[in-house]
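Have a look at protein-v4.txt below; it lists compact mmCIF, C-alpha atoms.
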```
# COMPACT_ATOMS: atom_id res chain seq x y z
CA LYS A 1 -5.05 -5.16 -28.36
CA VAL A 2 -4.17 -2.05 -26.37
CA THR A 3 -5.33 1.40 -27.47
CA LYS A 4 -2.48 3.77 -28.24
CA GLY A 5 -1.62 5.99 -25.29
CA VAL A 6 -3.22 3.74 -22.65
CA PHE A 7 -0.98 2.89 -19.68
CA LEU A 8 -1.21 -0.72 -18.58
CA PRO A 9 -0.62 -1.73 -14.94
CA ASN A 10 3.10 -2.28 -14.22
CA SER A 11 4.08 0.08 -17.05
CA PRO A 12 6.46 2.99 -16.25
CA GLY A 13 3.79 5.56 -17.05
CA TYR A 14 1.24 3.91 -14.76
CA PHE A 15 3.78 3.66 -11.95
CA GLY A 16 4.87 7.28 -12.36
CA TRP A 17 1.31 8.58 -12.26
CA CYS A 18 0.50 6.50 -9.16
CA LEU A 19 3.58 8.01 -7.50
CA VAL A 20 2.52 11.58 -8.36
CA THR A 21 -1.05 11.13 -7.11
CA PHE A 22 0.11 9.27 -3.99
CA LEU A 23 2.40 12.18 -3.08
CA GLY A 24 -0.50 14.54 -3.78
CA CYS A 25 -2.66 12.66 -1.27
CA ILE A 26 0.15 12.86 1.30
CA TYR A 27 0.30 16.60 0.70
CA TYR A 28 -3.44 16.94 1.34
CA ILE A 29 -3.24 14.87 4.54
CA ILE A 30 -0.43 17.02 5.92
CA SER A 31 -1.31 20.49 4.66
CA ILE A 32 -5.09 20.77 5.10
CA PRO A 33 -5.20 20.10 8.89
CA LEU A 34 -2.20 22.44 9.30
CA LYS A 35 -3.97 25.20 7.36
CA ILE A 36 -7.02 24.89 9.63
CA SER A 37 -5.26 24.59 12.97
CA PHE A 38 -2.07 26.63 12.51
CA ALA A 39 -3.45 29.25 10.15
CA THR A 40 -2.11 32.78 10.16
CA SER A 41 -4.08 35.89 9.35
CA ALA A 42 -2.79 35.84 5.77
CA THR A 43 -2.29 32.88 3.45
CA SER A 44 0.75 33.50 1.24
CA LEU A 45 0.46 33.54 -2.52
CA SER A 46 3.13 30.84 -2.84
CA ALA A 47 1.11 28.48 -0.59
CA PHE A 48 -2.01 29.16 -2.67
CA LEU A 49 -0.16 28.49 -5.92
CA LEU A 50 1.20 25.21 -4.53
CA ASP A 51 -2.32 24.17 -3.54
CA LEU A 52 -3.52 25.12 -7.01
CA LEU A 53 -0.78 23.02 -8.61
CA VAL A 54 -1.76 19.91 -6.60
CA ASP A 55 -5.45 20.52 -7.38
CA THR A 56 -4.56 20.70 -11.09
CA ILE A 57 -2.80 17.32 -10.82
CA PHE A 58 -5.97 15.72 -9.49
CA VAL A 59 -8.07 17.37 -12.19
CA ALA A 60 -5.70 15.72 -14.67
CA ASP A 61 -6.11 12.47 -12.73
CA VAL A 62 -9.80 12.43 -13.65
CA TYR A 63 -8.86 12.62 -17.33
CA MET A 64 -6.23 9.91 -16.84
CA CYS A 65 -8.76 7.59 -15.21
CA LEU A 66 -11.23 8.23 -18.02
CA ARG A 67 -8.88 7.87 -21.00
CA LYS A 68 -5.37 6.65 -20.06
CA LEU A 69 -5.17 4.29 -17.08
CA ALA A 70 -6.20 0.69 -17.74
CA VAL A 71 -7.91 -1.17 -14.92
CA LYS A 72 -6.99 -4.62 -13.65
CA MET A 73 -10.12 -6.69 -13.09
CA PRO A 74 -10.52 -10.29 -11.80
CA SER A 75 -11.35 -11.36 -15.35
CA GLY A 76 -8.35 -9.59 -16.88
CA ILE A 77 -7.05 -6.12 -17.78
CA MET A 78 -9.63 -3.62 -19.02
CA SER A 79 -7.66 -1.63 -21.61
CA ASP A 80 -10.47 -0.11 -23.72
CA PRO A 81 -10.94 3.57 -22.72
CA LYS A 82 -14.70 3.29 -23.13
CA GLN A 83 -14.85 0.35 -20.74
CA PHE A 84 -12.50 1.53 -17.98
CA GLY A 85 -13.82 5.10 -18.33
CA LYS A 86 -17.36 3.85 -17.71
CA HIS A 87 -16.10 1.73 -14.80
CA TYR A 88 -14.46 4.81 -13.27
CA LEU A 89 -17.63 6.90 -13.60
CA GLU A 90 -19.63 4.17 -11.84
CA THR A 91 -17.17 3.72 -8.94
CA ASP A 92 -14.55 6.26 -7.83
CA PHE A 93 -15.84 9.34 -9.63
CA ARG A 94 -18.55 9.94 -7.01
CA PHE A 95 -15.86 11.06 -4.54
CA ASP A 96 -13.57 12.65 -7.10
CA ARG A 97 -16.26 14.98 -8.44
CA LEU A 98 -16.74 16.45 -4.95
CA SER A 99 -13.00 17.06 -4.65
CA LEU A 100 -13.13 18.96 -7.95
CA ILE A 101 -15.34 21.70 -6.46
CA PRO A 102 -13.09 24.83 -6.56
CA LEU A 103 -14.43 26.17 -3.27
CA ALA A 104 -10.97 26.94 -1.84
CA THR A 105 -9.88 28.77 -5.00
CA CYS A 106 -13.02 30.90 -5.02
CA ALA A 107 -12.67 31.56 -1.28
CA TYR A 108 -9.09 32.75 -1.74
CA LEU A 109 -10.00 35.00 -4.66
CA PHE A 110 -12.78 36.55 -2.58
CA GLY A 111 -10.44 37.28 0.31
CA ALA A 112 -10.76 34.24 2.59
CA ARG A 113 -7.59 33.58 4.54
CA GLY A 114 -6.37 31.56 7.49
CA THR A 115 -8.69 28.96 9.03
CA LEU A 116 -11.57 29.82 6.69
CA TYR A 117 -9.40 29.07 3.66
CA GLY A 118 -8.24 25.81 5.24
CA CYS A 119 -11.84 24.74 5.90
CA ALA A 120 -12.69 25.48 2.27
CA ARG A 121 -10.08 22.89 1.25
CA LEU A 122 -11.80 20.05 3.11
CA PHE A 123 -13.43 18.95 -0.16
CA GLN A 124 -9.97 18.14 -1.53
CA LEU A 125 -9.41 15.79 1.42
CA LEU A 126 -11.91 13.37 -0.17
CA ARG A 127 -9.15 12.37 -2.57
CA VAL A 128 -7.51 10.48 0.27
CA VAL A 129 -10.22 7.81 -0.14
CA ARG A 130 -8.31 6.51 -3.16
CA ILE A 131 -4.85 6.52 -1.59
CA GLY A 132 -5.05 2.74 -1.15
CA LYS A 133 -5.34 2.24 -4.93
CA TYR A 134 -2.42 4.57 -5.58
CA LEU A 135 -0.32 2.70 -3.02
CA GLY A 136 -1.33 -0.64 -4.57
CA GLY A 137 -0.14 0.56 -7.98
CA LEU A 138 3.18 1.66 -6.47
CA VAL A 139 3.75 -1.64 -4.66
CA GLU A 140 2.91 -3.68 -7.75
CA GLY A 141 5.21 -1.58 -9.88
CA ILE A 142 8.08 -1.89 -7.39
CA ASN A 143 7.66 -5.67 -7.18
CA VAL A 144 7.67 -6.05 -10.96
CA ARG A 145 10.28 -3.49 -11.98
CA SER A 146 12.89 -3.91 -9.23
CA SER A 147 14.62 -6.57 -7.20
CA LEU A 148 12.65 -5.57 -4.11
CA ASP A 149 9.89 -7.89 -2.95
CA ILE A 150 7.27 -6.09 -0.87
CA THR A 151 5.35 -8.90 0.80
CA THR A 152 1.80 -8.71 2.08
CA ALA A 153 3.07 -8.84 5.66
CA SER A 154 5.44 -5.88 5.22
CA LEU A 155 2.71 -3.93 3.40
CA ARG A 156 0.27 -4.51 6.27
CA ILE A 157 2.83 -3.31 8.81
CA PHE A 158 3.51 -0.19 6.72
CA GLN A 159 -0.22 0.54 6.42
CA ILE A 160 -0.90 0.22 10.15
CA PHE A 161 2.08 2.42 11.06
CA ALA A 162 1.12 4.98 8.40
CA LEU A 163 -2.43 5.04 9.76
CA ILE A 164 -1.11 5.67 13.28
CA ILE A 165 1.09 8.56 12.10
CA VAL A 166 -1.80 10.12 10.17
CA LEU A 167 -4.12 9.87 13.18
CA VAL A 168 -1.43 11.37 15.42
CA HIS A 169 -1.09 14.27 12.99
CA LEU A 170 -4.86 14.85 12.77
CA PHE A 171 -5.49 14.65 16.53
CA GLY A 172 -2.47 16.86 17.19
CA CYS A 173 -3.88 19.54 14.89
CA VAL A 174 -7.31 19.32 16.53
CA PHE A 175 -5.69 19.52 19.99
CA HIS A 176 -3.83 22.68 18.97
CA LEU A 177 -7.02 24.16 17.51
CA LEU A 178 -8.81 23.64 20.83
CA GLY A 179 -5.90 25.23 22.68
CA ILE A 180 -5.88 28.48 20.72
CA GLU A 181 -6.96 31.25 23.06
CA ASP A 182 -10.00 33.21 21.85
CA GLU A 183 -9.34 36.92 22.04
CA ASP A 184 -12.97 37.76 22.83
CA SER A 185 -13.32 35.25 25.69
CA PRO A 186 -9.83 34.55 27.04
CA GLY A 187 -9.36 31.56 29.30
CA GLU A 188 -6.86 28.97 30.31
CA THR A 189 -6.16 26.27 27.72
CA TRP A 190 -3.31 23.82 27.42
CA ILE A 191 -1.30 26.37 25.44
CA VAL A 192 -1.60 28.94 28.25
CA VAL A 193 -0.95 26.48 31.08
CA ASP A 194 1.99 24.91 29.21
CA GLY A 195 3.51 28.32 28.55
CA MET A 196 3.38 28.05 24.75
CA GLU A 197 1.64 31.38 23.98
CA ASP A 198 4.75 33.08 22.60
CA GLU A 199 6.24 30.00 20.95
CA PRO A 200 6.33 29.75 17.14
CA SER A 201 3.93 27.46 15.28
CA SER A 202 6.62 24.85 14.69
CA ARG A 203 7.20 24.43 18.46
CA ARG A 204 3.47 24.28 19.08
CA TYR A 205 3.03 21.63 16.42
CA LEU A 206 5.80 19.48 17.88
CA ARG A 207 4.23 19.83 21.32
CA SER A 208 0.73 18.89 20.13
CA PHE A 209 2.13 16.06 17.99
CA TYR A 210 3.99 14.78 21.05
CA TRP A 211 0.77 14.86 23.13
CA SER A 212 -1.16 13.08 20.39
CA LEU A 213 1.52 10.40 19.98
CA TYR A 214 1.69 9.35 23.62
CA THR A 215 -2.11 9.57 23.95
CA ILE A 216 -3.06 7.56 20.88
CA THR A 217 -0.50 4.89 21.73
CA THR A 218 -2.14 4.78 25.21
CA ILE A 219 1.21 5.44 26.93
CA GLY A 220 -0.24 8.47 28.71
CA PHE A 221 2.95 10.23 29.72
CA GLY A 222 0.93 13.25 30.83
CA SER A 223 3.52 16.01 30.49
CA VAL A 224 1.18 18.19 28.39
CA PRO A 225 -1.77 19.41 30.48
CA VAL A 226 -5.38 18.85 29.41
CA VAL A 227 -7.40 21.73 30.86
CA THR A 228 -10.75 22.48 29.23
CA ILE A 229 -13.71 20.15 28.77
CA PRO A 230 -13.35 20.00 24.94
CA GLU A 231 -9.69 19.05 25.40
CA ARG A 232 -10.65 16.26 27.80
CA ILE A 233 -13.31 14.96 25.42
CA LEU A 234 -10.74 14.92 22.62
CA ALA A 235 -8.28 13.10 24.90
CA MET A 236 -10.87 10.40 25.69
CA ALA A 237 -11.72 9.96 21.99
CA THR A 238 -8.02 9.78 21.12
CA MET A 239 -7.38 7.11 23.75
CA ALA A 240 -10.40 5.07 22.64
CA ILE A 241 -9.32 5.11 18.99
CA GLY A 242 -5.73 4.41 20.00
CA ALA A 243 -6.82 1.37 22.00
CA VAL A 244 -8.46 -0.07 18.88
CA ILE A 245 -5.77 0.86 16.36
CA CYS A 246 -2.57 0.48 18.38
CA ASP A 247 -3.36 -2.06 21.07
CA ALA A 248 -5.74 -4.34 19.18
CA GLY A 249 -4.96 -3.64 15.51
CA LEU A 250 -1.17 -3.47 15.58
CA THR A 251 -0.93 -6.38 18.01
CA ALA A 252 -3.19 -8.53 15.84
CA VAL A 253 -1.17 -7.77 12.69
CA LEU A 254 2.18 -8.53 14.32
CA ALA A 255 0.82 -11.66 16.02
CA SER A 256 -0.55 -12.95 12.71
CA ILE A 257 2.76 -12.36 10.92
CA ILE A 258 4.82 -13.98 13.68
CA SER A 259 2.40 -16.92 13.89
CA ASN A 260 2.65 -17.58 10.15
CA LYS A 261 6.45 -17.36 10.26
CA ASP A 262 6.65 -19.70 13.24
CA ARG A 263 4.25 -22.18 11.67
CA GLN A 264 6.22 -22.36 8.42
CA ALA A 265 9.56 -22.50 10.26
CA GLY A 266 8.23 -25.32 12.47
CA THR A 267 7.00 -27.26 9.45
CA ASN A 268 10.35 -26.90 7.68
CA SER A 269 12.32 -27.88 10.78
CA ARG A 270 10.19 -30.97 11.45
CA ARG A 271 10.47 -32.05 7.82
CA ILE A 272 14.26 -31.80 7.87
CA GLN A 273 14.57 -33.57 11.24
CA CYS A 274 12.36 -36.46 10.10
CA CYS A 275 14.36 -36.77 6.88
CA LYS A 276 17.66 -36.81 8.81
CA LEU A 277 16.34 -39.52 11.16
CA TYR A 278 15.15 -41.59 8.22
CA MET A 279 18.49 -41.31 6.40
CA GLU A 280 20.43 -42.22 9.54
CA THR A 281 18.34 -45.33 10.21
CA THR A 282 18.52 -46.52 6.59
CA ASP A 283 22.27 -45.87 6.17
CA VAL A 284 21.86 -43.51 3.23
CA ALA A 285 25.18 -42.47 1.68
CA GLU A 286 26.57 -39.16 2.92
CA THR A 287 26.75 -37.64 -0.56
CA LEU A 288 23.09 -38.44 -1.12
CA GLN A 289 22.23 -37.01 2.31
CA GLU A 290 23.95 -33.76 1.38
CA ARG A 291 22.01 -33.57 -1.89
CA ILE A 292 18.72 -34.18 -0.08
CA LEU A 293 19.45 -31.51 2.52
CA ASP A 294 20.49 -29.12 -0.26
CA PHE A 295 17.11 -29.77 -1.86
CA TYR A 296 15.27 -28.83 1.33
CA SER A 297 17.45 -25.75 1.78
CA TYR A 298 16.70 -24.72 -1.81
CA THR A 299 12.93 -25.15 -1.40
CA ASP A 300 12.87 -23.29 1.93
CA ASN A 301 15.17 -20.36 1.12
CA SER A 302 15.13 -19.83 -2.65
CA VAL A 303 11.71 -21.10 -3.70
CA LYS A 304 10.06 -19.93 -0.44
CA ASN A 305 8.08 -23.19 -0.17
CA VAL A 306 6.01 -22.35 -3.25
CA ASN A 307 4.08 -25.43 -4.35
CA GLU A 308 3.52 -25.11 -8.09
CA ASP A 309 1.27 -28.15 -8.20
CA GLU A 310 -0.97 -26.64 -5.53
CA ILE A 311 -1.12 -23.29 -7.31
CA LEU A 312 -2.07 -24.84 -10.64
CA GLY A 313 -4.60 -27.08 -8.90
CA SER A 314 -6.37 -24.06 -7.42
CA LEU A 315 -6.92 -22.55 -10.89
CA SER A 316 -9.53 -23.53 -13.42
CA PRO A 317 -8.40 -26.21 -15.93
CA SER A 318 -8.35 -23.72 -18.80
CA LEU A 319 -6.17 -21.20 -16.93
CA ALA A 320 -3.81 -23.90 -15.68
CA SER A 321 -3.49 -25.26 -19.23
CA GLU A 322 -2.69 -21.78 -20.59
CA ILE A 323 0.06 -21.28 -18.01
CA VAL A 324 1.65 -24.65 -18.76
CA GLN A 325 1.48 -24.00 -22.51
CA TYR A 326 3.02 -20.54 -22.03
CA PHE A 327 6.09 -22.00 -20.33
CA CYS A 328 6.40 -25.31 -22.20
CA LEU A 329 5.21 -24.85 -25.78
CA PHE A 330 8.16 -22.88 -27.15
CA PRO A 331 10.89 -25.02 -25.50
CA LEU A 332 9.29 -28.19 -26.87
CA ARG A 333 8.91 -26.76 -30.38
CA SER A 334 12.55 -25.65 -30.37
CA CYS A 335 13.76 -29.12 -29.33
CA ALA A 336 14.99 -31.32 -32.19
CA LEU A 337 13.31 -34.41 -30.70
CA PHE A 338 9.86 -32.95 -31.41
CA ASP A 339 10.45 -31.75 -34.97
CA LYS A 340 8.37 -34.59 -36.45
CA TYR A 341 5.41 -34.01 -34.12
CA GLU A 342 2.46 -31.83 -35.08
CA GLY A 343 1.18 -29.01 -32.91
CA GLY A 344 -1.78 -31.05 -31.69
CA ALA A 345 0.49 -33.84 -30.44
CA ILE A 346 2.65 -31.35 -28.55
CA TYR A 347 -0.45 -29.78 -26.97
CA SER A 348 -1.61 -33.23 -25.88
CA LEU A 349 1.81 -33.93 -24.40
CA ILE A 350 1.78 -30.65 -22.48
CA LYS A 351 -1.57 -31.54 -20.88
CA LEU A 352 0.03 -34.68 -19.44
CA MET A 353 2.97 -32.82 -17.92
CA LYS A 354 3.23 -32.42 -14.13
CA PRO A 355 5.23 -29.83 -12.12
CA TYR A 356 8.65 -31.00 -10.98
CA LEU A 357 10.96 -29.09 -8.66
CA ALA A 358 14.67 -29.54 -9.40
CA VAL A 359 17.60 -27.96 -7.59
CA PRO A 360 20.24 -26.11 -9.64
CA GLY A 361 22.73 -28.54 -11.15
CA GLU A 362 20.42 -31.56 -10.95
CA CYS A 363 20.52 -33.87 -13.98
CA LEU A 364 16.97 -34.42 -15.22
CA SER A 365 17.63 -36.77 -18.14
CA ARG A 366 20.40 -38.14 -20.34
CA ILE A 367 19.98 -38.37 -24.09
```
Spell out the structure here as structure tokens.
Amino acid sequence: KVTKGVFLPNSPGYFGWCLVTFLGCIYYIISIPLKISFATSATSLSAFLLDLLVDTIFVADVYMCLRKLAVKMPSGIMSDPKQFGKHYLETDFRFDRLSLIPLATCAYLFGARGTLYGCARLFQLLRVVRIGKYLGGLVEGINVRSSLDITTASLRIFQIFALIIVLVHLFGCVFHLLGIEDEDSPGETWIVVDGMEDEPSSRRYLRSFYWSLYTITTIGFGSVPVVTIPERILAMATMAIGAVICDAGLTAVLASIISNKDRQAGTNSRRIQCCKLYMETTDVAETLQERILDFYSYTDNSVKNVNEDEILGSLSPSLASEIVQYFCLFPLRSCALFDKYEGGAIYSLIKLMKPYLAVPGECLSRI
């Protein structure tokens, strides 16, 4: 029984809220480093109101997690607000309560602008810790409510590329911050040497993003100069992190995906070749050969080599029995052949049933 107003996973309301909060996290990731590194002397009222709107969304997210958003647990869906609210307070709320501190709002009202206002918004960046859960809710909703099928492999590739882009953005902002010339102690930085003093912030950001991209991917093009000691330390840290994320991490993910694809493709090819050799040596009729090859094509392309017997065997007997009853009980009860059988006899018959894979158009029985 679901409490009225509670959004279950895969419901439109749950998906919509995950989308809103996910976009809010993206806004924090992009805007907060920009406010710190590319800050002007005055923060506009429109920018402050936009920040306030996003902060209000995440304040509402706390209420949603306490009262409206059911939680999927290994044992089932937790749909009672008292239960999933308590679970939220014991887990994710420890980070969310820090992000609720209105330090940036108070700083703006008391006259803080520019970099100081951006630093005051660092508490809101703690919300990014939960971006993985928001993304998981989006992926699950897309898989259930649309014809798209976002596989684990494609999700892993998206995550690693998104992580690289976020790191490039963060290191680019830090690189620009180090390059800003201090008016009290002027000196040569990469901005001065590169001739970017009079360029607008958008050009500077593109230049620092470009430096960060070729550094973190360990390409090292070197067209943007690194002058001061802090800039060189940042460059070394960026290259070290890039070696782990790009060289090792991305390579490992792609190698794992390709290896799994090759292994499954090799298994399918060997199975078909062995079957063809067997049918040729035993003089199997051509029509039967075509049906057998159609079966393998159906299992490889349409069913994606899913072994129902293996899946049910990995579950507990009670769960496997519930799944079989869910799919088989109503069809058997609606069949005229089983009108004289009681419910207990049908349940006993279902327990004896075994998975069987049939291709479309195959005749299973004649009555």
Of the candidates A:Thr238, A:Thr189, A:Asn260, A:Thr152, which one gets nearest to Leu213 (chain A) if we count only C-alpha atoms?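 So, comparing all the options, the nearest one is A:Thr238.
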Looking at only C-alpha atoms, which of A:Leu34, A:Leu293, A:Ala248, A:Ala320 is the one that sits closest to Asn268 (chain A)? A:Leu293
For Phe123 (chain A), find every residue with an atom within 12 Å (counting all atoms listed in the file), except residues of its own chain fewer than 5 positions away, and show them as a list in words.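 Everything that qualifies: Tyr28, Ile29, Ile32, Asp55, Phe95, Asp96, Arg97, Leu98, Ser99, Leu100, Ile101, Pro102, Leu103, Ala104, Thr105, Tyr117, Gly118, Val128 and Val129 of chain A.
For Val306 (chain A), the set of protein, DNA and RNA residues having any atom at most 12 Å away, when counting only C-alpha atoms and skipping those fewer than 5 positions along the same chain, is Gln264, Tyr298, Thr299, Asp300, Asn301, Ile311, Leu312, Pro355, Tyr356 and Leu357 of chain A.
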Grab the CA of Gly242 (chain A) to CA of Ala39 (chain A) distance for me, in Å with one decimal place.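 Separation of CA of Gly242 (chain A) and CA of Ala39 (chain A): 26.8 Å.
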Hey, can I get the axis-aligned box for region 271-289 of chain A? All listed atoms, 8 Å padding on each side, centre and edge lengths in Å to one decimal, as JSON.
```
{"center_x": 18.6, "center_y": -39.2, "center_z": 5.1, "size_x": 32.3, "size_y": 30.7, "size_z": 28.4}
```
Pick from A:Tyr134, A:Phe338, A:Tyr205, A:Trp17 nearest to Leu170 (chain A), counting all atoms listed in the file: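 Of the candidates, the smallest distance to Leu170 (chain A) is held by A:Tyr205.
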Would you compute the distance between CA of Gly13 (chain A) and CA of Lys68 (chain A)? Give it in Å to one decimal.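 That distance, rounded to one decimal, is 9.7 Å.
With only the atoms specified (all atoms listed in the file) counting, those residues at most 9 Å away from (-5.8, 17.5, 18.7) are Val168, His169, Leu170, Phe171, Gly172, Cys173, Val174, Phe175, His176, Leu177, Leu178, Gly179, Ser208, Phe209, Trp211, Ser212, Glu231, Leu234, Ala235 and Thr238 of chain A.
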Extract, using all atoms listed in the file, all DNA, RNA and protein residues at most 10 Å from Val2 (chain A), discarding same-chain residues fewer than 5 positions from it, and format them as an NGL selection string. :A and (7-8 or 70 or 77-81)
Find the distance between CA of Ile241 (chain A) and CA of Leu167 (chain A) and write it in Å to one decimal.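 Result for CA of Ile241 (chain A) versus CA of Leu167 (chain A): 9.1 Å, one decimal.
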Using all atoms listed in the file, the shortest atom-to-atom distance to Ser321 (chain A) among A:Tyr347, A:Phe161, A:Phe84, A:Phe38 belongs to A:Tyr347
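Comparing the minimum interatomic distances between Tyr27 (chain A) and each of A:Gly85, A:Ile131, A:Leu349, A:Ser75, counting all atoms listed in the file, we find that A:Ile131 sits nearest.
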Residue nearest Gly137 (chain A) - candidates A:Ile180, A:Val244, A:Leu254, A:Leu69, atoms counted: only C-alpha atoms: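 Among the listed residues, A:Leu69 lies closest to Gly137 (chain A).
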Find the residues around Leu116 (chain A) up to 9 Å (only C-alpha atoms counted), leave out those fewer than 3 positions away in its own chain, and share them as a PyMOL selection string. chain A and resi 35-36+39+107+112-113+119-121
